[in-house]
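Shown here: final38.txt, compact mmCIF, C-alpha atoms and all ligand atoms.
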# COMPACT_ATOMS: atom_id res chain seq x y z
CA MET A 160 11.57 14.91 -30.55
CA LYS A 161 8.25 13.44 -29.48
CA HIS A 162 8.46 10.58 -26.96
CA ASN A 163 5.93 7.94 -25.98
CA ILE A 164 4.66 8.57 -22.49
CA ILE A 165 5.91 6.29 -19.73
CA PRO A 166 3.21 6.48 -17.03
CA HIS A 167 4.05 6.43 -13.33
CA SER A 168 2.14 3.16 -12.82
CA LYS A 169 0.15 0.79 -14.98
CA PRO A 170 -1.91 -2.32 -14.23
CA THR A 171 -0.92 -5.57 -15.95
CA ILE A 172 -4.09 -7.13 -17.33
CA SER A 173 -3.93 -10.22 -19.54
CA LYS A 174 -6.49 -11.59 -22.04
CA LYS A 175 -7.37 -14.30 -19.52
CA GLU A 176 -8.61 -11.67 -17.04
CA CYS A 177 -10.77 -10.04 -19.72
CA ILE A 178 -12.28 -13.43 -20.55
CA VAL A 179 -13.04 -14.49 -16.96
CA ALA A 180 -14.53 -11.07 -16.11
CA ALA A 181 -16.68 -11.17 -19.27
CA LYS A 182 -17.92 -14.65 -18.30
CA VAL A 183 -19.05 -13.42 -14.89
CA ILE A 184 -20.83 -10.48 -16.53
CA ALA A 185 -22.56 -12.83 -18.98
CA SER A 186 -23.64 -15.13 -16.13
CA GLY A 187 -25.80 -12.37 -14.64
CA MET A 188 -24.42 -13.10 -11.13
CA LEU A 189 -22.59 -9.82 -10.75
CA ALA A 190 -22.66 -8.94 -7.06
CA GLN A 191 -20.88 -10.54 -4.08
CA GLY A 192 -20.97 -14.31 -4.53
CA LYS A 193 -18.85 -17.43 -4.88
CA TYR A 194 -15.89 -15.67 -6.52
CA VAL A 195 -15.61 -13.21 -3.63
CA LYS A 196 -15.46 -16.15 -1.20
CA SER A 197 -12.78 -17.89 -3.30
CA PHE A 198 -10.77 -14.68 -3.60
CA GLU A 199 -10.86 -14.20 0.18
CA SER A 200 -9.53 -17.72 0.78
CA ALA A 201 -6.89 -17.36 -1.93
CA VAL A 202 -5.47 -14.10 -0.52
CA ALA A 203 -5.55 -15.41 3.07
CA ASN A 204 -3.75 -18.53 1.91
CA TYR A 205 -1.14 -16.51 0.04
CA ILE A 206 -0.39 -14.34 3.06
CA GLY A 207 -0.64 -17.19 5.58
CA VAL A 208 -3.55 -16.14 7.80
CA LYS A 209 -6.87 -17.80 8.63
CA ASP A 210 -9.21 -15.83 6.39
CA GLY A 211 -10.05 -12.57 4.69
CA VAL A 212 -13.08 -10.38 4.14
CA ALA A 213 -13.14 -8.64 0.75
CA THR A 214 -14.28 -5.01 0.65
CA SER A 215 -15.03 -2.28 -1.85
CA SER A 216 -11.73 -0.47 -1.15
CA GLY A 217 -8.68 -0.34 1.06
CA THR A 218 -10.21 2.61 2.88
CA ALA A 219 -13.33 0.54 3.70
CA ALA A 220 -11.03 -2.23 4.93
CA LEU A 221 -9.22 0.23 7.24
CA HIS A 222 -12.54 1.51 8.55
CA LEU A 223 -13.77 -2.01 9.35
CA ALA A 224 -10.42 -2.99 10.89
CA LEU A 225 -10.64 -0.05 13.32
CA LEU A 226 -14.23 -0.98 14.22
CA ALA A 227 -13.21 -4.62 14.77
CA LEU A 228 -10.56 -3.45 17.24
CA GLY A 229 -13.24 -1.44 19.03
CA VAL A 230 -11.63 1.93 18.25
CA GLY A 231 -13.96 4.89 18.77
CA ARG A 232 -14.34 8.35 20.26
CA GLY A 233 -11.67 9.23 22.83
CA ASP A 234 -9.25 6.59 21.57
CA GLU A 235 -5.95 7.52 19.95
CA VAL A 236 -4.55 5.96 16.80
CA LEU A 237 -0.94 6.35 15.63
CA ILE A 238 -0.17 6.66 11.93
CA PRO A 239 2.76 8.01 9.92
CA THR A 240 2.38 11.46 8.39
CA TYR A 241 4.01 10.46 5.09
CA VAL A 242 0.96 8.59 3.68
CA CYS A 243 -2.19 9.29 1.66
CA THR A 244 -5.32 10.63 3.34
CA ALA A 245 -7.06 7.22 3.38
CA LEU A 246 -5.62 6.53 6.84
CA LEU A 247 -6.68 9.92 8.17
CA ASN A 248 -10.20 9.40 6.80
CA ALA A 249 -10.59 5.96 8.37
CA ILE A 250 -9.68 7.38 11.79
CA LYS A 251 -12.16 10.24 11.31
CA TYR A 252 -14.89 7.76 10.28
CA VAL A 253 -14.71 6.16 13.76
CA ASP A 254 -14.34 9.55 15.45
CA ALA A 255 -11.00 8.63 17.06
CA THR A 256 -8.06 10.98 17.68
CA LEU A 257 -5.16 10.96 15.32
CA LYS A 258 -1.51 11.02 16.44
CA LEU A 259 0.93 11.59 13.61
CA VAL A 260 4.42 10.11 13.63
CA ASP A 261 7.48 11.06 11.57
CA VAL A 262 9.11 8.53 9.25
CA ASN A 263 12.55 7.12 8.37
CA TRP A 264 14.67 8.90 5.78
CA CYS A 265 15.95 5.58 4.40
CA ASP A 266 12.60 3.96 3.51
CA GLY A 267 9.76 6.39 4.30
CA ASN A 268 8.30 3.97 6.89
CA ILE A 269 6.95 4.95 10.31
CA ASN A 270 9.80 5.54 12.76
CA ALA A 271 9.48 3.18 15.73
CA ARG A 272 11.35 5.51 18.14
CA GLU A 273 9.10 8.45 17.26
CA ALA A 274 6.03 6.21 17.59
CA LYS A 275 7.09 5.17 21.09
CA LYS A 276 7.19 8.82 22.19
CA ARG A 277 3.54 9.23 21.16
CA VAL A 278 2.04 6.19 22.86
CA THR A 279 -0.26 7.07 25.78
CA LYS A 280 -2.81 5.20 27.87
CA LYS A 281 -5.40 6.16 25.29
CA THR A 282 -3.56 4.63 22.32
CA LYS A 283 -5.86 1.93 20.97
CA ALA A 284 -4.16 1.08 17.67
CA ILE A 285 -1.29 1.80 15.33
CA ILE A 286 -1.67 1.56 11.56
CA VAL A 287 1.58 0.43 9.97
CA PRO A 288 1.72 0.83 6.21
CA HIS A 289 4.72 -0.96 4.71
CA MET A 290 5.52 1.90 2.38
CA PHE A 291 6.57 1.61 -1.24
CA GLY A 292 6.88 -2.18 -0.95
CA MET A 293 9.48 -2.15 1.85
CA PRO A 294 8.48 -3.76 5.18
CA ALA A 295 8.53 -1.44 8.20
CA ASN A 296 10.45 -2.43 11.33
CA ILE A 297 7.66 -4.58 12.66
CA THR A 298 9.78 -6.13 15.45
CA GLU A 299 10.35 -2.73 17.08
CA LEU A 300 6.75 -1.62 16.49
CA LYS A 301 5.37 -4.75 18.16
CA LYS A 302 7.34 -3.83 21.30
CA LEU A 303 5.03 -0.82 21.77
CA GLY A 304 2.37 -3.24 23.02
CA VAL A 305 -0.38 -1.55 20.98
CA PRO A 306 -2.72 -3.48 18.62
CA ILE A 307 -1.30 -3.29 15.08
CA ILE A 308 -3.16 -2.91 11.80
CA GLU A 309 -0.69 -3.79 9.06
CA ASP A 310 -1.45 -1.88 5.87
CA LEU A 311 -0.37 -3.90 2.82
CA ALA A 312 -1.87 -1.51 0.27
CA GLN A 313 1.61 -1.03 -1.21
CA SER A 314 3.33 -4.22 -0.15
CA ILE A 315 1.38 -7.46 -0.65
CA GLY A 316 3.97 -10.22 -1.05
CA ALA A 317 6.77 -8.42 0.82
CA THR A 318 8.55 -10.37 3.55
CA PHE A 319 10.13 -9.57 6.92
CA ASN A 320 12.66 -12.19 8.10
CA GLY A 321 11.20 -14.64 5.60
CA LYS A 322 7.56 -14.21 6.67
CA LYS A 323 4.95 -12.34 4.64
CA VAL A 324 3.88 -8.95 5.91
CA GLY A 325 0.30 -9.17 7.10
CA THR A 326 1.10 -12.03 9.49
CA PHE A 327 2.65 -9.87 12.23
CA GLY A 328 -0.17 -7.59 13.38
CA ASP A 329 -3.59 -8.25 14.90
CA ILE A 330 -5.23 -7.48 11.60
CA ALA A 331 -4.06 -6.52 8.09
CA ILE A 332 -5.62 -4.71 5.17
CA CYS A 333 -5.01 -4.69 1.41
CA SER A 334 -5.98 -2.34 -1.40
CA PHE A 335 -6.56 -3.56 -4.94
CA TYR A 336 -6.88 -0.13 -6.52
CA ALA A 337 -5.81 0.10 -10.17
CA THR A 338 -2.23 1.22 -9.48
CA LYS A 339 -1.47 -1.31 -6.74
CA MET A 340 0.69 -4.47 -6.78
CA MET A 341 -2.35 -6.38 -8.06
CA THR A 342 -5.74 -4.96 -8.90
CA THR A 343 -9.49 -5.45 -9.04
CA GLY A 344 -10.05 -1.86 -10.28
CA GLU A 345 -11.19 -0.76 -6.84
CA GLY A 346 -11.24 -3.13 -3.90
CA GLY A 347 -9.68 -4.18 -0.64
CA MET A 348 -9.54 -6.89 2.00
CA VAL A 349 -9.21 -7.31 5.75
CA LEU A 350 -7.12 -10.29 6.87
CA SER A 351 -6.72 -11.82 10.29
CA ASN A 352 -6.22 -14.97 12.33
CA SER A 353 -8.99 -13.91 14.71
CA ARG A 354 -12.30 -15.56 13.82
CA ALA A 355 -14.12 -13.17 16.18
CA MET A 356 -12.81 -10.08 14.39
CA LEU A 357 -13.41 -11.57 10.94
CA ASN A 358 -17.02 -12.40 11.87
CA LYS A 359 -17.57 -8.89 13.14
CA ILE A 360 -16.14 -7.41 9.93
CA ARG A 361 -18.21 -9.75 7.76
CA ASP A 362 -21.33 -8.62 9.61
CA LEU A 363 -20.50 -4.91 9.29
CA ARG A 364 -19.72 -5.15 5.55
CA ASP A 365 -23.30 -6.12 4.53
CA TYR A 366 -26.28 -4.15 5.81
CA ASP A 367 -29.18 -6.27 4.62
CA ASN A 368 -31.13 -9.31 5.89
CA LYS A 369 -30.12 -9.00 9.53
CA ILE A 370 -32.23 -10.06 12.47
CA SER A 371 -31.57 -6.94 14.48
CA TYR A 372 -30.64 -3.43 13.38
CA ALA A 373 -27.19 -1.95 13.92
CA LEU A 374 -25.30 0.65 11.92
CA ARG A 375 -23.71 -1.33 9.11
CA PHE A 376 -22.19 -0.52 5.71
CA ASN A 377 -22.32 -1.47 2.08
CA TYR A 378 -18.64 -2.24 1.59
CA LYS A 379 -19.06 -5.34 -0.57
CA MET A 380 -16.89 -6.40 -3.48
CA THR A 381 -18.50 -7.71 -6.69
CA ASP A 382 -17.85 -11.10 -8.27
CA ILE A 383 -16.62 -9.28 -11.41
CA GLN A 384 -13.84 -7.72 -9.32
CA ALA A 385 -13.14 -10.91 -7.39
CA VAL A 386 -12.65 -13.07 -10.47
CA LEU A 387 -10.17 -10.51 -11.74
CA GLY A 388 -8.43 -10.60 -8.35
CA ILE A 389 -8.14 -14.39 -8.42
CA GLU A 390 -6.29 -14.22 -11.75
CA GLN A 391 -4.12 -11.29 -10.61
CA LEU A 392 -3.10 -13.18 -7.49
CA LYS A 393 -1.92 -16.13 -9.60
CA GLN A 394 0.47 -13.72 -11.32
CA LEU A 395 1.55 -11.75 -8.27
CA ASN A 396 4.85 -13.59 -7.72
CA ASN A 397 5.77 -12.99 -11.37
CA PHE A 398 4.82 -9.33 -11.03
CA ILE A 399 7.12 -9.08 -8.01
CA LYS A 400 9.94 -10.83 -9.85
CA ARG A 401 9.70 -8.36 -12.74
CA ARG A 402 9.57 -5.36 -10.38
CA ARG A 403 12.72 -6.66 -8.68
CA MET A 404 14.48 -7.08 -12.04
CA ILE A 405 13.73 -3.47 -12.96
CA ALA A 406 14.88 -2.33 -9.52
CA ARG A 407 18.19 -4.20 -10.01
CA MET A 408 18.66 -2.37 -13.33
CA TYR A 409 18.06 0.97 -11.60
CA ASP A 410 20.41 -0.05 -8.73
CA GLN A 411 23.19 -0.99 -11.12
CA GLN A 412 22.84 1.91 -13.52
CA LEU A 413 22.14 4.71 -11.06
CA GLY A 414 24.29 3.46 -8.17
CA THR A 415 26.53 5.95 -6.45
CA ASP A 416 29.29 3.34 -6.27
CA THR A 417 29.54 3.46 -10.06
CA GLY A 418 30.11 7.20 -9.71
CA ILE A 419 27.48 7.77 -12.40
CA CYS A 420 24.94 9.58 -10.27
CA PRO A 421 26.67 10.89 -7.16
CA GLN A 422 23.79 13.24 -6.28
CA CYS A 423 21.27 10.46 -6.20
CA GLU A 424 20.46 8.22 -3.18
CA LEU A 425 18.84 4.90 -4.10
CA PRO A 426 16.52 2.66 -2.04
CA ARG A 427 18.64 0.89 0.52
CA ARG A 428 18.52 -2.92 0.67
CA ARG A 429 17.92 -4.01 4.25
CA LYS A 430 18.80 -7.37 5.75
CA GLY A 431 15.80 -9.63 6.22
CA ARG A 432 13.42 -7.36 4.29
CA GLY A 433 11.97 -8.58 1.02
CA ASN A 434 11.10 -5.36 -0.81
CA VAL A 435 8.50 -5.79 -3.60
CA TYR A 436 9.29 -2.36 -5.11
CA PHE A 437 5.79 -0.96 -5.38
CA ARG A 438 7.72 2.26 -5.86
CA TYR A 439 11.36 2.92 -6.64
CA VAL A 440 12.07 6.03 -4.62
CA ILE A 441 15.29 7.95 -5.13
CA LYS A 442 16.45 11.00 -3.20
CA VAL A 443 18.20 13.81 -5.04
CA SER A 444 20.36 16.51 -3.51
CA GLY A 445 18.48 19.30 -5.31
CA SER A 446 14.79 19.98 -5.76
CA ALA A 447 12.67 16.92 -6.59
CA VAL A 448 9.98 19.09 -8.19
CA SER A 449 12.32 20.55 -10.79
CA ILE A 450 13.66 17.11 -11.76
CA ILE A 451 10.12 15.67 -11.95
CA LYS A 452 9.26 18.53 -14.32
CA LYS A 453 12.30 17.83 -16.50
CA LEU A 454 11.46 14.12 -16.69
CA ARG A 455 7.86 14.94 -17.62
CA ALA A 456 9.06 17.11 -20.45
CA GLN A 457 10.62 13.93 -21.84
CA GLY A 458 7.39 11.94 -21.38
CA ILE A 459 8.56 10.19 -18.20
CA TYR A 460 5.92 10.46 -15.50
CA ALA A 461 7.94 10.36 -12.29
CA ALA A 462 6.12 11.74 -9.23
CA SER A 463 6.45 12.73 -5.63
CA PRO A 464 5.92 9.48 -3.64
CA ILE A 465 3.28 11.26 -1.52
CA PHE A 466 1.05 14.08 -2.75
CA LYS A 467 1.05 15.97 0.55
CA PRO A 468 1.93 14.69 4.04
CA LEU A 469 -0.90 14.61 6.56
CA HIS A 470 0.70 17.13 8.93
CA SER A 471 0.61 19.71 6.13
CA TYR A 472 -3.13 19.16 5.59
CA LEU A 473 -3.66 19.46 9.35
CA GLN A 474 -1.26 22.39 9.71
CA GLN A 475 0.89 20.58 12.25
CA LYS A 476 4.64 21.04 12.60
CA GLY A 477 7.54 18.91 13.83
CA PHE A 478 7.97 16.26 11.13
CA PRO A 479 11.39 17.15 9.70
CA ILE A 480 12.09 13.88 7.88
CA ALA A 481 8.75 13.85 6.06
CA ASP A 482 9.34 17.51 5.11
CA LYS A 483 12.79 16.65 3.77
CA LEU A 484 11.40 13.72 1.78
CA MET A 485 8.83 16.07 0.24
CA GLN A 486 11.71 18.22 -1.00
CA HIS A 487 14.05 15.53 -2.29
CA ALA A 488 12.23 12.22 -2.98
CA ILE A 489 11.18 11.11 -6.45
CA SER A 490 9.27 7.97 -7.38
CA LEU A 491 10.44 6.61 -10.74
CA PRO A 492 8.04 4.59 -12.93
CA ILE A 493 8.15 0.88 -12.07
CA TYR A 494 5.55 -1.76 -12.99
CA PRO A 495 5.66 -5.29 -14.40
CA SER A 496 4.94 -4.32 -18.01
CA LEU A 497 7.65 -1.65 -18.10
CA THR A 498 10.06 -2.88 -20.78
CA ASP A 499 13.86 -2.94 -20.57
CA LYS A 500 13.84 -0.27 -23.28
CA GLY A 501 11.54 1.92 -21.16
CA SER A 502 13.69 1.41 -18.06
CA LYS A 503 16.81 2.36 -20.02
CA ARG A 504 15.12 5.55 -21.20
CA ILE A 505 14.31 6.40 -17.58
CA ILE A 506 17.88 5.63 -16.46
CA SER A 507 19.46 7.86 -19.08
CA ALA A 508 17.02 10.71 -18.39
CA VAL A 509 17.77 10.56 -14.64
CA LYS A 510 21.53 10.51 -15.29
CA GLU A 511 21.16 13.55 -17.53
C1 LIG B 1 -0.88 2.93 2.34
C2 LIG B 1 -2.30 3.00 1.83
N1 LIG B 1 -3.30 2.61 2.61
C3 LIG B 1 -4.58 2.65 2.19
C4 LIG B 1 -4.91 3.09 0.94
C5 LIG B 1 -6.35 3.18 0.54
O1 LIG B 1 -6.73 2.28 -0.45
P1 LIG B 1 -7.96 2.55 -1.44
O2 LIG B 1 -7.54 3.56 -2.44
O3 LIG B 1 -8.23 1.20 -2.04
O4 LIG B 1 -9.11 3.01 -0.60
C6 LIG B 1 -3.89 3.49 0.08
C7 LIG B 1 -4.25 3.96 -1.27
O5 LIG B 1 -3.60 4.53 -2.03
C8 LIG B 1 -2.54 3.44 0.52
O6 LIG B 1 -1.52 3.83 -0.24

Can you give me the file's structure in the form of C-alpha cells?
Ligand SMILES: Cc1ncc(COP(=O)(O)O)c(C=O)c1O
Amino acid sequence: MKHNIIPHSKPTISKKECIVAAKVIASGMLAQGKYVKSFESAVANYIGVKDGVATSSGTAALHLALLALGVGRGDEVLIPTYVCTALLNAIKYVDATLKLVDVNWCDGNINAREAKKRVTKKTKAIIVPHMFGMPANITELKKLGVPIIEDLAQSIGATFNGKKVGTFGDIAICSFYATKMMTTGEGGMVLSNSRAMLNKIRDLRDYDNKISYALRFNYKMTDIQAVLGIEQLKQLNNFIKRRRMIARMYDQQLGTDTGICPQCELPRRRKGRGNVYFRYVIKVSGSAVSIIKKLRAQGIYAASPIFKPLHSYLQQKGFPIADKLMQHAISLPIYPSLTDKGSKRIISAVKE
C-alpha cells in the first residue's frame, strides 16, 4: 500500500505570512530596514532581554557572539560533541581551540560534570545549546564561571524554572532556519542584556559606510525575512502548544508504563524544565538505523537526531554517551501542522 510521506519536520506558514512578505517585495524595500528592527525588538521582548541583532543565519550569530566575547586564537571554547557542525565552524572562524564535551543520556544536553573537567585557564566561553527543545542544566553550567553563549536554535520559548532560556547566559543566539521552531527561511539573531556587546555585534554585521576600516561581515537579514519572522513569532506560543499536545500523545501511547513499547525509552519530563519538543527523541534497545529504515519504508521520515557527532568528524575518542545515542536514538516527526491522524500513524508504526 502506498502511504503519504510524513516528513521529519515542516514549517507552518499561513496565508498571512505570504501576504505580508509579498507586500514587502512589492514595496521595493527588500534589504535590512524597519522590519528587521521591529523583529529584533519583538524577539528580545519575547525572551526578556534588552535587545537583539538579527543576522543571516544562526551560524553567523554564533560567530558574532564569539567575537563580542573577545574569543580568538589561543582561547578555548567548550561545546558538546552531540551537535551539528555549525558550532565547530563558528569556533574555527575565530581561530579558537575547541574542547568537546560528552552529553547526558536522558536529554542529549551537554553534561555539566564533564564540562567542569575540561575547563582550564584558557577557557574563554562555553556554548550551551538547549538540545531538542529541552533546557540544559544551566544552574550547574553557570557554576563553571565561564562566559556562556546560550544556543536557542532548537529551543526558543523553552523555560528553566519558569524563566525563558536565553536569559541565563551572557549572550544568546537563535536560528530561524526552515526546520526550526519558527522560521524566516534562513536567519538568526544574537540577544543580550549588554549594550556594549550588542553595539559591537551591530557594527560587525554591516561592513559598509564606516568611518574607519576594520574586518567586518555581511551578515544582515532582509526585511522580507523579518516580516515573516514577526508573524511567526506571533504564532510561536501556539506552535509550542501543538508540539506539546503531540508529545503527550506519544508519551501516552508509547509509554513503557502502559507495557505497549517496553523496548522504547521516551523523553523524560524534568522538574522545572519547559520542553518545547523541537524533537521527540526516543531511545530503542536495538539499532536505531534499522528502525529508521523500516519507518521510511512506510513513508515516515524519522531520523537520527544528529547526523554525525563532532568527535567522529575530528577523529577523537572518549565520548561514550554520544556514541550510544548515535546507536539507539531516533527523532520522530513532530511539528505544529502534524495532524492527529499522522501522529497515530507514527505511533502504530513505532509499536509495530
Ligand atoms: C544547536 C544549533 N546551533 C546552531 C545552528 C546553526 O543555525 P543555522 O543553520 O541557522 O546557521 C543549528 C542549526 O541547525 C543548531 O541546531

Give me, as JSON, numbers by chain, all polymer residues having an atom no more than 9 Å from Arg401 (chain A), counting only C-alpha atoms and skipping those fewer than 5 positions away in the same chain. {"A": [396, 406, 494, 495, 496, 497]}

Using all atoms listed in the file, find each residue with an atom at most 9 Å away from ligand LIG 1 (chain B) and format the answer as a PDB file with C-alpha atoms, in the frame of the given file.
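The resulting file, part.pdb, is shown below:
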ATOM      1  CA  SER A 215     -15.030  -2.280  -1.850  1.00  0.00           C
ATOM      2  CA  SER A 216     -11.730  -0.470  -1.150  1.00  0.00           C
ATOM      3  CA  GLY A 217      -8.680  -0.340   1.060  1.00  0.00           C
ATOM      4  CA  THR A 218     -10.210   2.610   2.880  1.00  0.00           C
ATOM      5  CA  ALA A 219     -13.330   0.540   3.700  1.00  0.00           C
ATOM      6  CA  ALA A 220     -11.030  -2.230   4.930  1.00  0.00           C
ATOM      7  CA  LEU A 221      -9.220   0.230   7.240  1.00  0.00           C
ATOM      8  CA  VAL A 242       0.960   8.590   3.680  1.00  0.00           C
ATOM      9  CA  CYS A 243      -2.190   9.290   1.660  1.00  0.00           C
ATOM     10  CA  THR A 244      -5.320  10.630   3.340  1.00  0.00           C
ATOM     11  CA  ALA A 245      -7.060   7.220   3.380  1.00  0.00           C
ATOM     12  CA  LEU A 246      -5.620   6.530   6.840  1.00  0.00           C
ATOM     13  CA  VAL A 287       1.580   0.430   9.970  1.00  0.00           C
ATOM     14  CA  PRO A 288       1.720   0.830   6.210  1.00  0.00           C
ATOM     15  CA  HIS A 289       4.720  -0.960   4.710  1.00  0.00           C
ATOM     16  CA  MET A 290       5.520   1.900   2.380  1.00  0.00           C
ATOM     17  CA  PHE A 291       6.570   1.610  -1.240  1.00  0.00           C
ATOM     18  CA  ASP A 310      -1.450  -1.880   5.870  1.00  0.00           C
ATOM     19  CA  LEU A 311      -0.370  -3.900   2.820  1.00  0.00           C
ATOM     20  CA  ALA A 312      -1.870  -1.510   0.270  1.00  0.00           C
ATOM     21  CA  GLN A 313       1.610  -1.030  -1.210  1.00  0.00           C
ATOM     22  CA  SER A 314       3.330  -4.220  -0.150  1.00  0.00           C
ATOM     23  CA  ILE A 332      -5.620  -4.710   5.170  1.00  0.00           C
ATOM     24  CA  CYS A 333      -5.010  -4.690   1.410  1.00  0.00           C
ATOM     25  CA  SER A 334      -5.980  -2.340  -1.400  1.00  0.00           C
ATOM     26  CA  PHE A 335      -6.560  -3.560  -4.940  1.00  0.00           C
ATOM     27  CA  TYR A 336      -6.880  -0.130  -6.520  1.00  0.00           C
ATOM     28  CA  ALA A 337      -5.810   0.100 -10.170  1.00  0.00           C
ATOM     29  CA  THR A 338      -2.230   1.220  -9.480  1.00  0.00           C
ATOM     30  CA  LYS A 339      -1.470  -1.310  -6.740  1.00  0.00           C
ATOM     31  CA  GLY A 344     -10.050  -1.860 -10.280  1.00  0.00           C
ATOM     32  CA  GLU A 345     -11.190  -0.760  -6.840  1.00  0.00           C
ATOM     33  CA  GLY A 346     -11.240  -3.130  -3.900  1.00  0.00           C
ATOM     34  CA  GLY A 347      -9.680  -4.180  -0.640  1.00  0.00           C
ATOM     35  CA  ILE A 465       3.280  11.260  -1.520  1.00  0.00           C
TER      36      ILE A 465
END

Which is closer to Thr318 (chain A) than all the others in A:Val278, A:Ile206, A:Ile441, A:Met340, using all atoms listed in the file? A:Ile206

Give me, as a PyMOL selection string, all polymer residues having an atom no more than 7 Å from region 250-262 of chain A, counting only C-alpha atoms and skipping those fewer than 4 positions away in the same chain. chain A and resi 222+230-241+246+267-270+273-274+478+480-481

Surrounding residues of Ile360 (chain A) excluding itself and chain neighbours under 3 positions, 9 Å, only C-alpha atoms, as an MDAnalysis selection string: chainID A and resid 212 220 223:224 226:227 349 355:357 363:364

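Proximity ranking of A:Leu395, A:Met485, A:Met293, A:Ile330 relative to Leu350 (chain A) places A:Ile330 first, based on all atoms listed in the file.
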
By how many Å are CA of Gly325 (chain A) and CA of Ile308 (chain A) apart? 8.6 Å

Which is closest to Phe376 (chain A) among A:Gln486, A:Thr214, A:Thr498, A:Ile178, if we use all atoms listed in the file? A:Thr214

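Candidate residues A:Met188, A:Ala508, A:Arg354, A:Val305 were compared for distance to Lys281 (chain A), and the nearest is A:Val305, using all atoms listed in the file.
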
Near Lys322 (chain A), counting all atoms listed in the file, which residues have an atom at most 12 Å away, once you skip same-chain residues fewer than 6 positions from it, shown as a PyMOL selection string? chain A and resi 205-208+294+297+315-316+431-433

Now that the selection is made, can you save its residues with C-alpha atoms as a CSV table (one decimal), in the frame of the given file?
chain,number,residue,atom,x,y,z
A,205,TYR,CA,-1.1,-16.5,0.0
A,206,ILE,CA,-0.4,-14.3,3.1
A,207,GLY,CA,-0.6,-17.2,5.6
A,208,VAL,CA,-3.6,-16.1,7.8
A,294,PRO,CA,8.5,-3.8,5.2
A,297,ILE,CA,7.7,-4.6,12.7
A,315,ILE,CA,1.4,-7.5,-0.6
A,316,GLY,CA,4.0,-10.2,-1.0
A,431,GLY,CA,15.8,-9.6,6.2
A,432,ARG,CA,13.4,-7.4,4.3
A,433,GLY,CA,12.0,-8.6,1.0

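If all atoms listed in the file are the atoms counted, then among A:Lys430, A:Ser351, A:Asn263, A:Leu247 the closest residue to Phe319 (chain A) is A:Lys430.
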
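Among the candidates A:Ile489, A:Val509, A:Gln457, A:Asp367, the one nearest to Ile164 (chain A) when counting all atoms listed in the file is A:Gln457.
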
Axis-aligned box for all listed atoms of region 193-196 of chain A, 6 Å per side, centre and edges in Å to one decimal, as lines of an AutoDock Vina configuration file:
center_x = -17.2
center_y = -15.3
center_z = -3.9
size_x = 15.4
size_y = 16.2
size_z = 17.3

Could you list, as a list in words, every residue within 7 Å of Glu199 (chain A), counting only C-alpha atoms and ignoring same-chain residues fewer than 2 positions away? Val195, Lys196, Ser197, Ala201, Val202, Ala203, Asp210, Gly211, Val212 and Ala213 of chain A

So how many Å separate CA of Pro479 (chain A) and CA of Cys265 (chain A), to one decimal? 13.5 Å
